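The structure appears right after this line, and notes come after that.
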Amino acid sequence: MTNLDQLALLDPVFAQMVGATARNLRAIPELTDREKTFLCVTGDLCLASTGLAFTAHVRTGLKAGVSTSDIRALLRFVACAFGYPLATAGFERLAEREAELGIERPEAEPLADDLLEPGESPLPEQVAEQVAALDPQFKEYFDLQSRMRSGHEPGTLSERERGLVSMSVDVHYRTLGDTFRAHVGRAMRGGATPEDVRAALRFLAQFGITRAWHGWQALNPILAAA
């Protein structure tokens, strides 16, 4: 059964709506299939949706050549953004899908010991100063999370992907101030054009049209200033 066949068992009209929405958004040319998969899985976890939608997005990603190793790298990256409990649920569901589809669980290179302790911050100077001004101990925690996510070995996300994914978390949680501006900047430093960033926000409308509405209100001034 296809993803839409399964939805049709719940409600056939709703399945039509989902199919039309998916066709519209999957046609967005500025985003890669890998980026679309990452944005979908991130949206699922931000909304604590680890059921049929999560499974459908993983399956669609696999068909497009996105491996479960790629998705695991994504979950590790966004864990501190939407919280470790939700990331744990994501890993649980992903492991179930791997078992269901007969996919061998991929091995991962352990993090170096020095990345698991407080140390030099990989944050941009301006961001580091802002976080330190909030609370020094929070800055230490922030540095640790950033250090653990700082690797760029094969299988991790590109700078553009990290920016788009982080930007999407802001849209889901409506944190559209300093963090959103920083994440849009990160995506653009990674090679995303203003139209690429706009395309990501268009794609995110499927997770809540009012979230996207507020996202546009924040994004347009940022891009105009850039």
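Lettering and numbering for the structure tokens are positional, with chains as A, B, ... in the shown order, residues counted from 1 in each chain, and ligands counted from 1 in the shown order.
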Taking the chain letters and numbering used in this document, name the residues of region 30-209 of chain A that DSSP puts in alpha helix (DSSP H), as a ChimeraX atom specification.
-> /A:33-46,52-63,68-82,84-101,125-134,136-148,159-173,178-189,194-204,209
Non-local contacts of Ala200 (chain A) (12 Å; only C-alpha atoms; under 5 positions in same chain excluded) as an MDAnalysis selection string
chainID A and resid 25:26 28:33 35:40 43 160:161 163:169 171 184 187 192:195 205:207 212 215:216 219
The selected residues should be written to file as a compact mmCIF listing (two decimals), in the first residue's frame (atoms: N, CA and C atoms).
# COMPACT_ATOMS: atom_id res chain seq x y z
N LEU A 25 3.78 20.80 -3.24
CA LEU A 25 5.01 21.15 -2.54
C LEU A 25 6.21 20.38 -3.06
N ARG A 26 6.02 19.15 -3.47
CA ARG A 26 7.14 18.37 -4.00
C ARG A 26 7.64 18.94 -5.32
N ILE A 28 8.30 22.04 -5.83
CA ILE A 28 9.15 23.21 -5.59
C ILE A 28 10.57 22.89 -6.07
N PRO A 29 11.09 23.62 -7.04
CA PRO A 29 12.35 23.22 -7.68
C PRO A 29 13.62 23.62 -6.92
N GLU A 30 13.52 24.60 -6.03
CA GLU A 30 14.74 25.12 -5.41
C GLU A 30 15.33 24.19 -4.35
N LEU A 31 14.54 23.26 -3.84
CA LEU A 31 14.99 22.37 -2.78
C LEU A 31 15.29 20.98 -3.33
N THR A 32 16.31 20.33 -2.79
CA THR A 32 16.62 18.96 -3.19
C THR A 32 15.67 18.00 -2.48
N ASP A 33 15.59 16.76 -2.99
CA ASP A 33 14.77 15.75 -2.32
C ASP A 33 15.28 15.49 -0.91
N GLU A 35 16.76 17.71 1.07
CA GLU A 35 16.32 18.82 1.90
C GLU A 35 14.84 18.72 2.23
N LYS A 36 14.04 18.30 1.26
CA LYS A 36 12.60 18.14 1.52
C LYS A 36 12.35 17.06 2.56
N THR A 37 13.12 15.98 2.48
CA THR A 37 12.98 14.93 3.49
C THR A 37 13.38 15.44 4.86
N PHE A 38 14.49 16.16 4.93
CA PHE A 38 14.94 16.70 6.22
C PHE A 38 13.91 17.66 6.81
N LEU A 39 13.34 18.51 5.98
CA LEU A 39 12.35 19.46 6.47
C LEU A 39 11.09 18.75 6.95
N CYS A 40 10.70 17.67 6.26
CA CYS A 40 9.51 16.91 6.66
C CYS A 40 9.74 16.19 7.99
N GLY A 43 9.83 18.65 10.78
CA GLY A 43 8.48 19.10 11.09
C GLY A 43 7.70 18.06 11.89
N ARG A 160 24.32 24.62 4.37
CA ARG A 160 23.02 25.06 3.83
C ARG A 160 21.89 24.25 4.47
N GLU A 161 22.06 22.93 4.53
CA GLU A 161 21.02 22.07 5.11
C GLU A 161 20.80 22.40 6.59
N GLY A 163 21.29 25.24 8.06
CA GLY A 163 20.58 26.50 8.16
C GLY A 163 19.10 26.36 7.88
N LEU A 164 18.75 25.64 6.82
CA LEU A 164 17.34 25.47 6.45
C LEU A 164 16.58 24.70 7.52
N VAL A 165 17.20 23.65 8.04
CA VAL A 165 16.55 22.85 9.08
C VAL A 165 16.36 23.67 10.35
N SER A 166 17.40 24.40 10.76
CA SER A 166 17.29 25.22 11.97
C SER A 166 16.25 26.31 11.79
N MET A 167 16.21 26.89 10.61
CA MET A 167 15.21 27.90 10.31
C MET A 167 13.80 27.32 10.44
N SER A 168 13.64 26.07 10.01
CA SER A 168 12.32 25.45 10.07
C SER A 168 11.88 25.22 11.51
N VAL A 169 12.83 24.88 12.39
CA VAL A 169 12.48 24.71 13.80
C VAL A 169 11.94 26.03 14.37
N VAL A 171 10.37 28.33 12.73
CA VAL A 171 9.02 28.54 12.20
C VAL A 171 8.01 27.70 12.98
N VAL A 184 18.65 31.90 9.18
CA VAL A 184 18.54 32.31 7.77
C VAL A 184 19.92 32.69 7.26
N ALA A 187 21.97 29.54 6.53
CA ALA A 187 21.61 28.91 5.27
C ALA A 187 22.23 29.65 4.08
N ALA A 192 22.69 29.02 0.12
CA ALA A 192 21.28 29.22 -0.22
C ALA A 192 21.05 30.65 -0.69
N THR A 193 20.29 30.80 -1.74
CA THR A 193 19.91 32.13 -2.21
C THR A 193 18.65 32.57 -1.47
N PRO A 194 18.31 33.86 -1.55
CA PRO A 194 17.05 34.29 -0.95
C PRO A 194 15.85 33.49 -1.46
N GLU A 195 15.87 33.14 -2.75
CA GLU A 195 14.75 32.36 -3.29
C GLU A 195 14.74 30.94 -2.73
N ALA A 205 4.71 25.28 4.77
CA ALA A 205 3.30 25.63 4.98
C ALA A 205 2.45 24.39 5.25
N GLN A 206 2.90 23.21 4.81
CA GLN A 206 2.13 21.99 5.03
C GLN A 206 2.02 21.64 6.52
N PHE A 207 2.90 22.20 7.34
CA PHE A 207 2.88 21.92 8.77
C PHE A 207 2.09 22.95 9.55
N ALA A 212 3.46 29.41 8.78
CA ALA A 212 4.14 29.97 7.61
C ALA A 212 3.83 31.46 7.47
N GLY A 215 5.97 33.21 9.66
CA GLY A 215 7.32 33.09 9.12
C GLY A 215 7.60 34.11 8.03
N TRP A 216 6.62 34.32 7.14
CA TRP A 216 6.81 35.31 6.08
C TRP A 216 6.95 36.72 6.66
N LEU A 219 10.49 36.77 7.76
CA LEU A 219 11.52 36.52 6.75
C LEU A 219 11.68 37.67 5.76
The distance between CA of Leu144 (chain A) and CA of Glu120 (chain A) is 9.0 Å
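By only C-alpha atoms, and with residues fewer than 6 positions from Ser146 (chain A) along its chain excluded, the set lying at most 8 Å from it is Ser121, Pro122 and Leu123 of chain A.
Nearest-residue note for Thr175 (chain A): choosing from A:Phe14, A:Phe203, A:Phe82, A:Phe77, the minimum distance belongs to A:Phe82, counting only C-alpha atoms.
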request  = Would you kindly return, as a ChimeraX atom specification, each protein, DNA or RNA residue with an atom no farther than 12 Å from any atom of region 55-69 of chain A, considering only C-alpha atoms and excluding same-chain residues fewer than 3 positions away?
outcome  = /A:1-7,18,22,26,32-45,49-52,72-76,90-109,154-157
> Which is closer to Arg147 (chain A) than all the others in A:Met188, A:Ala132, A:Ala112, A:Ala15, using only C-alpha atoms?
Replying inline: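 Using only C-alpha atoms, the shortest distance to Arg147 (chain A) belongs to A:Ala112.
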